[in-house]
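S.K.: See data_27.cif below, with mmCIF, C-alpha atoms.
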```cif
data_start
loop_
_atom_site.label_atom_id
_atom_site.label_comp_id
_atom_site.auth_asym_id
_atom_site.auth_seq_id
_atom_site.Cartn_x
_atom_site.Cartn_y
_atom_site.Cartn_z
CA MET B 116 165.28 16.04 77.57
CA ASN B 117 162.59 17.97 75.83
CA VAL B 118 159.00 16.78 75.89
CA THR B 119 155.85 18.48 74.69
CA ILE B 120 152.90 18.53 77.09
CA ASN B 121 149.65 19.90 75.69
CA GLY B 122 151.52 21.85 73.05
CA GLN B 123 154.08 23.41 75.41
CA ARG B 124 157.73 22.35 75.65
CA TYR B 125 159.13 21.23 78.99
CA GLU B 126 162.62 20.16 80.05
CA LEU B 127 162.50 16.93 82.08
CA GLU B 128 165.31 14.79 83.49
CA GLU B 129 166.41 11.64 81.66
CA GLY B 130 164.34 8.67 82.80
CA ALA B 131 161.34 10.82 83.68
CA THR B 132 158.02 8.98 83.61
CA LEU B 133 154.57 9.96 82.48
CA ALA B 134 153.67 10.49 86.16
CA ASP B 135 156.56 13.01 86.40
CA ALA B 136 155.20 14.83 83.35
CA LEU B 137 151.75 15.11 84.92
CA GLU B 138 153.26 16.42 88.12
CA ARG B 139 155.37 18.96 86.22
CA PHE B 140 152.26 20.12 84.35
CA GLN B 141 150.44 20.41 87.71
CA SER B 142 147.63 18.33 86.26
CA PRO B 143 144.81 17.16 88.48
CA SER B 144 145.15 13.39 88.86
CA ARG B 145 141.42 12.65 88.82
CA GLY B 146 139.18 13.15 85.80
CA VAL B 147 142.01 13.24 83.29
CA ALA B 148 143.34 10.87 80.66
CA VAL B 149 146.73 10.79 78.99
CA ALA B 150 147.89 9.99 75.48
CA LEU B 151 151.58 9.43 74.78
CA ASP B 152 152.54 9.87 71.13
CA GLY B 153 148.92 9.37 70.06
CA ALA B 154 148.07 6.30 72.17
CA VAL B 155 146.19 6.20 75.46
CA VAL B 156 148.19 5.13 78.50
CA PRO B 157 146.03 3.77 81.36
CA ARG B 158 146.36 5.44 84.74
CA ASP B 159 147.98 2.40 86.38
CA ARG B 160 150.88 2.59 83.93
CA TRP B 161 151.76 6.28 84.35
CA ARG B 162 154.44 5.52 86.99
CA ASP B 163 156.35 2.97 84.94
CA THR B 164 156.04 4.53 81.50
CA GLU B 165 159.36 6.24 80.75
CA LEU B 166 159.45 9.13 78.34
CA THR B 167 161.90 9.51 75.52
CA THR B 168 163.15 12.80 74.14
CA ALA B 169 160.68 14.64 71.89
CA ALA B 170 157.77 12.68 73.38
CA THR B 171 154.36 14.24 72.93
CA VAL B 172 152.04 14.06 75.90
CA GLU B 173 148.40 15.06 75.74
CA ILE B 174 146.46 15.46 78.98
CA VAL B 175 142.72 15.81 78.48
CA THR B 176 139.79 16.34 80.77
CA ALA B 177 136.04 16.82 80.58
CA VAL B 178 134.88 20.34 79.79
CA GLN B 179 131.47 21.87 79.09
CA GLY B 180 130.26 20.81 75.67
CA GLY B 181 127.75 18.99 73.54
CA MET P 3 110.06 3.66 87.59
CA ASP P 4 107.10 4.42 85.31
CA ASP P 5 107.93 4.38 81.57
CA PRO P 6 111.72 4.50 81.86
CA LEU P 7 114.09 5.20 78.99
CA VAL P 8 116.25 2.10 78.57
CA ILE P 9 119.62 2.36 76.82
CA ALA P 10 121.94 -0.66 76.81
CA GLY P 11 120.01 -2.14 79.73
CA HIS P 12 120.36 1.00 81.84
CA GLU P 13 117.13 2.69 83.00
CA PHE P 14 116.66 6.45 83.15
CA GLY P 15 113.65 8.15 84.71
CA SER P 16 114.11 11.22 82.50
CA ARG P 17 113.82 11.27 78.72
CA LEU P 18 115.70 14.54 78.48
CA ILE P 19 119.44 14.29 77.91
CA THR P 20 121.18 17.62 78.22
CA GLY P 21 124.46 19.07 77.08
CA THR P 22 126.65 21.37 79.11
CA GLY P 23 128.02 23.51 76.27
CA GLY P 24 127.21 27.21 76.05
CA ALA P 25 126.41 27.83 79.72
CA ALA P 26 127.64 31.20 80.99
CA ASN P 27 129.06 29.67 84.17
CA LEU P 28 128.83 26.58 86.35
CA THR P 29 126.21 28.10 88.66
CA ALA P 30 123.82 28.78 85.76
CA LEU P 31 124.55 25.29 84.45
CA GLU P 32 123.81 23.69 87.81
CA GLN P 33 120.44 25.47 88.09
CA ALA P 34 119.49 24.43 84.55
CA LEU P 35 120.55 20.81 85.07
CA ILE P 36 118.47 20.52 88.24
CA ALA P 37 115.42 22.14 86.59
CA SER P 38 115.71 19.82 83.58
CA GLY P 39 115.49 16.69 85.71
CA THR P 40 118.11 15.07 83.47
CA GLU P 41 120.00 11.95 84.53
CA LEU P 42 122.49 11.89 81.64
CA THR P 43 124.52 14.85 80.44
CA THR P 44 127.15 15.30 77.76
CA VAL P 45 130.62 16.70 78.28
CA ALA P 46 133.39 17.33 75.75
CA MET P 47 137.02 16.25 76.06
CA ARG P 48 139.70 18.92 75.71
CA ARG P 49 143.29 19.58 76.72
CA ALA P 50 143.56 20.20 80.45
CA ASP P 51 144.87 23.63 81.45
CA ALA P 52 148.08 23.68 83.45
CA ASP P 53 146.96 23.78 87.07
CA GLY P 54 143.35 23.78 85.84
CA GLY P 55 140.33 22.32 87.55
CA THR P 56 137.82 19.66 86.58
CA GLY P 57 134.74 21.77 87.37
CA VAL P 58 132.08 20.21 85.17
CA PHE P 59 133.14 16.66 86.07
CA ASP P 60 132.89 17.46 89.79
CA LEU P 61 129.54 19.21 89.29
CA LEU P 62 127.95 16.20 87.58
CA ARG P 63 129.33 13.92 90.27
CA ARG P 64 127.83 16.09 93.01
CA LEU P 65 124.43 16.19 91.26
CA GLY P 66 124.45 12.42 90.67
CA ILE P 67 124.11 12.89 86.90
CA ALA P 68 125.85 10.33 84.68
CA PRO P 69 128.39 11.93 82.34
CA LEU P 70 128.09 11.13 78.63
CA PRO P 71 131.40 12.12 77.04
CA ASN P 72 131.25 13.12 73.39
CA THR P 73 133.67 13.27 70.51
CA ALA P 74 132.70 16.82 69.54
CA GLY P 75 135.28 18.50 67.35
CA CYS P 76 136.40 15.26 65.69
CA ARG P 77 136.56 15.14 61.89
CA SER P 78 137.84 11.59 61.37
CA ALA P 79 137.16 8.11 62.70
CA ALA P 80 140.72 7.88 64.04
CA GLU P 81 140.33 11.10 66.04
CA ALA P 82 136.94 10.02 67.37
CA VAL P 83 138.21 6.60 68.47
CA LEU P 84 141.18 8.12 70.33
CA THR P 85 138.90 10.71 71.97
CA ALA P 86 136.51 7.96 73.09
CA GLN P 87 139.40 5.97 74.57
CA LEU P 88 140.61 9.06 76.46
CA ALA P 89 137.08 9.75 77.72
CA ARG P 90 136.74 6.18 78.96
CA GLU P 91 139.97 6.54 80.89
CA ALA P 92 139.22 10.00 82.30
CA LEU P 93 135.57 9.52 83.23
CA GLU P 94 135.51 5.79 83.90
CA THR P 95 132.59 5.18 81.59
CA ASN P 96 132.44 3.16 78.39
CA TRP P 97 129.50 5.24 77.13
CA ILE P 98 130.27 7.61 74.27
CA LYS P 99 128.25 10.06 72.23
CA LEU P 100 129.89 9.56 68.85
CA GLU P 101 130.03 12.71 66.79
CA VAL P 102 132.13 13.06 63.62
CA VAL P 103 131.36 16.14 61.57
CA ILE P 104 132.30 17.15 58.05
CA ASP P 105 133.00 20.87 58.60
CA GLU P 106 132.53 23.81 60.95
CA GLU P 107 129.95 25.57 58.82
CA THR P 108 127.32 22.83 58.89
CA LEU P 109 128.55 20.59 61.74
CA LEU P 110 126.71 17.83 59.87
CA PRO P 111 127.72 14.22 60.54
CA ASP P 112 130.14 12.67 58.03
CA PRO P 113 128.46 9.30 57.31
CA VAL P 114 131.64 7.59 56.09
CA GLU P 115 133.80 8.47 59.10
CA LEU P 116 130.84 8.00 61.46
CA THR P 117 130.12 4.41 60.45
CA ASP P 118 133.85 3.57 60.46
CA ALA P 119 134.22 4.92 64.02
CA ALA P 120 130.99 3.28 65.21
CA GLU P 121 132.19 -0.11 64.03
CA GLN P 122 135.57 0.24 65.76
CA LEU P 123 134.10 1.50 69.03
CA VAL P 124 131.42 -1.20 69.25
CA GLU P 125 134.18 -3.74 68.62
CA GLN P 126 136.18 -2.23 71.51
CA GLY P 127 133.25 -2.62 73.90
CA PHE P 128 131.93 0.94 73.96
CA VAL P 129 128.23 1.77 74.41
CA VAL P 130 127.88 3.97 71.34
CA LEU P 131 125.19 6.63 71.03
CA ALA P 132 125.63 7.87 67.48
CA TYR P 133 124.81 11.42 66.43
CA THR P 134 123.63 11.16 62.84
CA ASN P 135 121.77 12.79 59.97
CA ASP P 136 117.99 12.51 59.65
CA ASP P 137 118.54 9.70 57.16
CA PRO P 138 116.57 6.46 57.72
CA ALA P 139 119.09 4.43 55.71
CA LEU P 140 122.06 5.60 57.77
CA ALA P 141 120.08 5.10 60.99
CA THR P 142 119.50 1.48 60.00
CA ARG P 143 123.20 1.03 59.24
CA LEU P 144 124.21 2.39 62.66
CA GLU P 145 121.76 0.10 64.39
CA GLN P 146 123.11 -2.89 62.47
CA LEU P 147 126.66 -1.94 63.49
CA GLY P 148 125.61 -2.32 67.13
CA CYS P 149 125.02 1.25 68.30
CA ALA P 150 123.08 1.36 71.58
CA ALA P 151 121.10 4.40 70.47
CA VAL P 152 120.75 6.32 67.22
CA MET P 153 120.51 10.09 67.50
CA PRO P 154 119.29 11.88 64.38
CA LEU P 155 119.41 15.65 64.16
CA GLY P 156 116.29 17.80 63.83
CA SER P 157 118.37 20.53 62.18
CA PRO P 158 122.05 21.57 62.39
CA ILE P 159 123.66 21.98 65.82
CA GLY P 160 122.94 25.30 67.48
CA THR P 161 120.50 26.56 64.85
CA GLY P 162 117.32 26.17 66.90
CA LEU P 163 115.47 25.51 63.62
CA GLY P 164 113.50 22.62 65.10
CA ILE P 165 112.68 19.47 63.15
CA ARG P 166 113.10 20.18 59.43
CA ASN P 167 112.14 16.73 58.17
CA PRO P 168 109.52 15.27 60.51
CA HIS P 169 108.65 12.52 58.05
CA ASN P 170 112.21 11.17 58.10
CA ILE P 171 112.31 11.26 61.90
CA GLU P 172 109.00 9.38 62.00
CA MET P 173 110.31 6.76 59.56
CA ILE P 174 113.49 6.31 61.62
CA CYS P 175 111.45 5.84 64.82
CA SER P 176 108.86 3.55 63.29
CA ARG P 177 111.29 0.76 62.45
CA ALA P 178 114.07 1.20 64.98
CA SER P 179 114.75 -1.47 67.58
CA VAL P 180 117.18 0.69 69.58
CA PRO P 181 116.22 3.98 71.26
CA ILE P 182 116.02 7.00 68.96
CA VAL P 183 117.14 10.28 70.50
CA LEU P 184 116.38 13.53 68.67
CA ASP P 185 119.72 15.31 68.93
CA ALA P 186 120.38 18.88 67.75
CA GLY P 187 118.24 21.66 66.37
CA ILE P 188 115.75 22.01 69.22
CA GLY P 189 114.81 25.68 69.69
CA THR P 190 111.97 25.64 72.16
CA ALA P 191 109.73 23.36 74.18
CA SER P 192 107.26 22.65 71.36
CA ASP P 193 110.13 21.24 69.26
CA ALA P 194 110.95 18.81 72.08
CA ALA P 195 107.28 17.81 72.40
CA PHE P 196 107.05 17.34 68.62
CA ALA P 197 110.10 15.05 68.62
CA MET P 198 108.46 12.84 71.21
CA GLU P 199 105.12 12.86 69.33
CA LEU P 200 106.96 11.63 66.24
CA GLY P 201 108.04 8.59 68.23
CA CYS P 202 111.45 9.54 69.56
CA ASP P 203 112.44 7.87 72.84
CA ALA P 204 114.31 10.89 74.16
CA VAL P 205 115.57 14.36 73.29
CA LEU P 206 119.14 15.64 73.61
CA LEU P 207 119.61 19.40 73.68
CA ALA P 208 122.09 21.95 74.95
CA SER P 209 122.08 25.42 73.35
CA ALA P 210 118.30 25.78 73.53
CA VAL P 211 118.66 25.80 77.31
CA THR P 212 122.14 27.12 78.00
CA ARG P 213 121.82 30.06 75.58
CA ALA P 214 118.22 30.93 76.50
CA HIS P 215 117.65 34.24 78.28
CA ASP P 216 116.64 32.28 81.39
CA PRO P 217 118.28 28.82 81.17
CA GLU P 218 116.70 27.47 84.35
CA ARG P 219 113.18 28.33 83.18
CA MET P 220 113.81 26.97 79.69
CA ALA P 221 115.15 23.74 81.20
CA ALA P 222 111.87 23.35 83.09
CA ALA P 223 109.96 24.08 79.86
CA MET P 224 111.93 21.40 78.00
CA ARG P 225 111.24 18.89 80.75
CA SER P 226 107.51 19.58 80.45
CA GLY P 227 107.69 19.52 76.64
CA VAL P 228 109.34 16.11 76.61
CA ASP P 229 106.85 14.75 79.14
CA ALA P 230 103.85 16.17 77.23
CA GLY P 231 105.08 14.82 73.91
CA ARG P 232 105.72 11.39 75.37
CA LEU P 233 102.26 11.24 76.94
CA ALA P 234 100.64 12.35 73.67
CA ALA P 235 102.57 9.78 71.65
CA ARG P 236 101.41 6.99 73.95
CA ALA P 237 97.83 8.31 74.10
CA GLY P 238 97.35 8.17 70.34
CA ARG P 239 96.26 11.31 68.52
CA ILE P 240 92.99 11.58 66.59
CA PRO P 241 93.21 11.12 62.83
CA ARG P 242 93.50 14.28 60.73
CA ARG P 243 90.25 15.06 58.82
CA TYR P 244 89.63 17.36 55.89
CA TRP P 245 86.21 18.62 57.02
CA ALA P 246 84.93 19.59 60.43
CA GLU P 247 83.34 17.06 62.73
CA ALA P 248 81.13 18.53 65.47
CA SER P 249 81.92 17.52 69.01
CA SER P 250 78.37 18.37 70.18
CA PRO P 251 75.40 16.38 68.91
CA GLY P 252 72.77 17.88 66.54
CA ARG P 253 71.34 21.45 66.83
CA PRO P 254 69.65 23.20 69.79
CA MET P 255 66.22 23.66 68.09
CA GLY P 256 65.43 20.20 66.80
#
```
Translate this structure into structure tokens?

M.R.:
Amino acid sequence: MNVTINGQRYELEEGATLADALERFQSPSRGVAVALDGAVVPRDRWRDTELTTAATVEIVTAVQGG
Amino acid sequence: MDDPLVIAGHEFGSRLITGTGGAANLTALEQALIASGTELTTVAMRRADADGGTGVFDLLRRLGIAPLPNTAGCRSAAEAVLTAQLAREALETNWIKLEVVIDEETLLPDPVELTDAAEQLVEQGFVVLAYTNDDPALATRLEQLGCAAVMPLGSPIGTGLGIRNPHNIEMICSRASVPIVLDAGIGTASDAAFAMELGCDAVLLASAVTRAHDPERMAAAMRSGVDAGRLAARAGRIPRRYWAEASSPGRPMG
């Protein structure tokens, strides 16, 4: 199925979880937060949150600013 | 700790809050942060790069400086609330510098979206430090909504124009019961000192240091400016007089 991670499209297997998406994106696991379809998903739920096709995942981190 | 800055029950030895934006690289930023003596430093939240690092987060951790995530770049309350929730998750802090601006050209706070977001975030248990206009009425509103600190601008972000309406800043400080942090517009050390003399509890600045020719030296200057201004404010300045008043008695020849 197709999911969008930080604006880029990825092909993931059916039943893939948010944790799989982070791994596929090669995201660092510390210092990041994840929104699925516009809502924050806490870290302890990444493993059991299944994605559906056309899901939009945003992975954000702290950068220089302000 | 002598004369600490207290925000939401948390004590800071330094009254200088710095930003990390605009630094040429992490080494220059590290030198400036150390020279500033800051204990609280803002970071922005952005999309992670694929296989990217978390450099600034690790740097602050190593220096023992508390991160203050901001909502820079947000134009609506909804965006700001989501960004704050992401920051809380990523950085494990419920502190947020709330910033909701009206447009790119002015980067001025949008009072309607700002108050809406402040109310929601306070309700959700965030410690909200609100970046706002130099408007005493809006400052009062933000305090009433439960913001932990109110942070009026001296002039628009990145302009270095200093404090354009000192009277308003003084009015805001004179009746506030939460810390007032002069945020944005600082150009040089005398601006930071002036903010403190007007009664501000702290100064937040970024560009004035990170974009200076020598950021480390300017950071040290800002630290001294904030300290000098704070001391002067507590010492109590002499009243302004129209005519001269001699400091030596009489005349030498009778």

S.K.: Figure out the distance between CA of Arg77 (chain P) and CA of Val124 (chain P), please, to one decimal in Å.

M.R.: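 Taking CA of Val124 (chain P) and CA of Arg77 (chain P), their separation equals 18.6 Å.
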
S.K.: In Å, rounded to a single decimal, give me how far CA of Thr20 (chain P) is from CA of Gly180 (chain B).

M.R.: 10.0 Å

S.K.: Please return, as a PyMOL selection string, all polymer residues that have at least one atom within 12 Å of the point (125.9, 13.3, 61.6); use all atoms listed in the file and the file's own coordinate frame.

M.R.: chain P and resi 73-74+76-77+99-105+108-117+120+131-137+140-141+144+152-159+184-186

S.K.: Identify, on the basis of all atoms listed in the file, every residue whose closest approach to Val155 (chain B) does not exceed 12 Å; exclude the query and any residue fewer than 2 positions from it along the same chain; express the result as an MDAnalysis selection string.

M.R.: (chainID B and resid 133 147:153 157:161 164 171:175) or (chainID P and resid 83:92)

S.K.: Which residue gives the smallest distance to chain P among B:Leu166, B:Arg124, B:Arg139, B:Ala134, with all atoms listed in the file counted?

M.R.: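 The shortest atom-to-atom distance to chain P comes from B:Arg139.
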
S.K.: Do you know which residues are at most 12 Å from Gln123 (chain B) counting only C-alpha atoms, after dropping those on the same chain fewer than 2 positions away, and could you put them as a PDB file with C-alpha atoms, in the coordinates of the input?

M.R.:
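Full text of selection.pdb as output:
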```pdb
ATOM      1  CA  ASN B 117     162.590  17.970  75.830  1.00  0.00           C
ATOM      2  CA  VAL B 118     159.000  16.780  75.890  1.00  0.00           C
ATOM      3  CA  THR B 119     155.850  18.480  74.690  1.00  0.00           C
ATOM      4  CA  ILE B 120     152.900  18.530  77.090  1.00  0.00           C
ATOM      5  CA  ASN B 121     149.650  19.900  75.690  1.00  0.00           C
ATOM      6  CA  TYR B 125     159.130  21.230  78.990  1.00  0.00           C
ATOM      7  CA  GLU B 126     162.620  20.160  80.050  1.00  0.00           C
ATOM      8  CA  ALA B 136     155.200  14.830  83.350  1.00  0.00           C
ATOM      9  CA  ARG B 139     155.370  18.960  86.220  1.00  0.00           C
ATOM     10  CA  PHE B 140     152.260  20.120  84.350  1.00  0.00           C
ATOM     11  CA  ALA B 169     160.680  14.640  71.890  1.00  0.00           C
ATOM     12  CA  ALA B 170     157.770  12.680  73.380  1.00  0.00           C
ATOM     13  CA  THR B 171     154.360  14.240  72.930  1.00  0.00           C
ATOM     14  CA  VAL B 172     152.040  14.060  75.900  1.00  0.00           C
ATOM     15  CA  GLU B 173     148.400  15.060  75.740  1.00  0.00           C
ATOM     16  CA  ILE B 174     146.460  15.460  78.980  1.00  0.00           C
TER      17      ILE B 174
ATOM     18  CA  ARG P  49     143.290  19.580  76.720  1.00  0.00           C
ATOM     19  CA  ASP P  51     144.870  23.630  81.450  1.00  0.00           C
ATOM     20  CA  ALA P  52     148.080  23.680  83.450  1.00  0.00           C
TER      21      ALA P  52
END
```

S.K.: Nearest to Leu62 (chain P): which of P:Gly11, P:Gly189, P:Pro254, P:Gly21 is it, counting all atoms listed in the file?

M.R.: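 Closest to Leu62 (chain P), using all atoms listed in the file: P:Gly21.
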
S.K.: Residue by residue, what does the PyMOL selection byres ((chain P and resi 197) around 12) grab here? Present the result as number ranges by chain.

M.R.: P: 17-18, 153-157, 164-172, 174-175, 182-196, 198-207, 224, 227-232, 234-235

S.K.: By how many Å are CA of Glu145 (chain P) and CA of Asn72 (chain P) apart?

M.R.: 18.5 Å

S.K.: Quick one: residues within 7 Å of region 7-9 of chain P, only C-alpha atoms counted, chain neighbours fewer than 5 positions away excluded, as an mmCIF file with C-alpha atoms, keeping the file's coordinate frame?

M.R.:
```
data_model
loop_
_atom_site.group_PDB
_atom_site.id
_atom_site.type_symbol
_atom_site.label_atom_id
_atom_site.label_comp_id
_atom_site.auth_asym_id
_atom_site.auth_seq_id
_atom_site.Cartn_x
_atom_site.Cartn_y
_atom_site.Cartn_z
ATOM 1 C CA PHE P 14 116.660 6.450 83.150
ATOM 2 C CA GLY P 15 113.650 8.150 84.710
ATOM 3 C CA SER P 16 114.110 11.220 82.500
ATOM 4 C CA ARG P 17 113.820 11.270 78.720
ATOM 5 C CA ALA P 150 123.080 1.360 71.580
ATOM 6 C CA ALA P 151 121.100 4.400 70.470
ATOM 7 C CA PRO P 181 116.220 3.980 71.260
ATOM 8 C CA ASP P 203 112.440 7.870 72.840
#
```

S.K.: As a ChimeraX atom specification, please: the residues near Arg64 (chain P) (cut-off 12 Å, all atoms listed in the file, same-chain neighbours under 5 positions excluded).

M.R.: /P:32,35-36,57-59,69

S.K.: For chain P, which residue out of B:Ser142, B:Leu137, B:Arg162, B:Gly130 is the nearest one, using only C-alpha atoms?

M.R.: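 Nearest candidate to chain P out of B:Ser142, B:Leu137, B:Arg162, B:Gly130: B:Ser142.
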
S.K.: Could I get region 143-165 of chain P rebuilt with N, CA, C and O atoms, written as a short mmCIF file (atom, residue, chain, number, x, y, z; two decimals), keeping the file's coordinate frame?

M.R.:
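So part_14.cif came out as:
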```cif
data_model
loop_
_atom_site.label_atom_id
_atom_site.label_comp_id
_atom_site.auth_asym_id
_atom_site.auth_seq_id
_atom_site.Cartn_x
_atom_site.Cartn_y
_atom_site.Cartn_z
N ARG P 143 121.81 1.48 59.26
CA ARG P 143 123.20 1.03 59.24
C ARG P 143 123.83 1.08 60.64
O ARG P 143 124.49 0.16 61.08
N LEU P 144 123.60 2.21 61.33
CA LEU P 144 124.21 2.39 62.66
C LEU P 144 123.66 1.38 63.65
O LEU P 144 124.38 0.84 64.48
N GLU P 145 122.37 1.11 63.53
CA GLU P 145 121.76 0.10 64.39
C GLU P 145 122.38 -1.27 64.11
O GLU P 145 122.72 -2.01 65.04
N GLN P 146 122.54 -1.59 62.84
CA GLN P 146 123.11 -2.89 62.47
C GLN P 146 124.56 -3.03 62.95
O GLN P 146 125.02 -4.13 63.24
N LEU P 147 125.26 -1.90 63.03
CA LEU P 147 126.66 -1.94 63.49
C LEU P 147 126.75 -2.17 65.00
O LEU P 147 127.84 -2.40 65.53
N GLY P 148 125.61 -2.04 65.69
CA GLY P 148 125.61 -2.32 67.13
C GLY P 148 125.55 -1.10 68.02
O GLY P 148 125.84 -1.18 69.23
N CYS P 149 125.16 0.05 67.46
CA CYS P 149 125.02 1.25 68.30
C CYS P 149 123.88 1.03 69.30
O CYS P 149 122.86 0.44 68.97
N ALA P 150 124.07 1.54 70.52
CA ALA P 150 123.08 1.36 71.58
C ALA P 150 121.91 2.32 71.42
O ALA P 150 120.81 2.06 71.92
N ALA P 151 122.15 3.44 70.77
CA ALA P 151 121.10 4.40 70.47
C ALA P 151 121.51 5.14 69.20
O ALA P 151 122.70 5.32 68.93
N VAL P 152 120.50 5.54 68.43
CA VAL P 152 120.75 6.32 67.22
C VAL P 152 120.14 7.69 67.44
O VAL P 152 119.00 7.81 67.91
N MET P 153 120.92 8.74 67.13
CA MET P 153 120.51 10.09 67.50
C MET P 153 120.49 11.03 66.29
O MET P 153 121.46 11.76 66.03
N PRO P 154 119.38 11.01 65.55
CA PRO P 154 119.29 11.88 64.38
C PRO P 154 119.09 13.35 64.77
O PRO P 154 118.48 13.64 65.80
N LEU P 155 119.59 14.23 63.92
CA LEU P 155 119.41 15.65 64.16
C LEU P 155 118.04 16.11 63.67
O LEU P 155 117.47 15.54 62.73
N GLY P 156 117.51 17.15 64.33
CA GLY P 156 116.29 17.80 63.83
C GLY P 156 116.67 18.85 62.81
O GLY P 156 116.00 19.03 61.78
N SER P 157 117.76 19.54 63.07
CA SER P 157 118.37 20.53 62.18
C SER P 157 119.79 20.74 62.69
O SER P 157 120.14 20.21 63.75
N PRO P 158 120.65 21.48 61.95
CA PRO P 158 122.05 21.57 62.39
C PRO P 158 122.24 22.09 63.82
O PRO P 158 121.44 22.91 64.31
N ILE P 159 123.31 21.63 64.44
CA ILE P 159 123.66 21.98 65.82
C ILE P 159 123.61 23.50 66.04
O ILE P 159 124.19 24.26 65.26
N GLY P 160 122.93 23.89 67.08
CA GLY P 160 122.94 25.30 67.48
C GLY P 160 122.04 26.22 66.69
O GLY P 160 121.97 27.41 66.97
N THR P 161 121.33 25.67 65.68
CA THR P 161 120.50 26.56 64.85
C THR P 161 119.15 26.86 65.49
O THR P 161 118.54 27.89 65.19
N GLY P 162 118.64 25.97 66.31
CA GLY P 162 117.32 26.17 66.90
C GLY P 162 116.22 26.17 65.85
O GLY P 162 115.15 26.74 66.08
N LEU P 163 116.46 25.51 64.71
CA LEU P 163 115.47 25.51 63.62
C LEU P 163 114.43 24.41 63.78
O LEU P 163 113.58 24.23 62.91
N GLY P 164 114.50 23.65 64.85
CA GLY P 164 113.50 22.62 65.10
C GLY P 164 113.69 21.41 64.21
O GLY P 164 114.81 21.10 63.80
N ILE P 165 112.60 20.71 63.92
CA ILE P 165 112.68 19.47 63.15
C ILE P 165 112.29 19.76 61.71
O ILE P 165 111.14 20.02 61.40
#
```
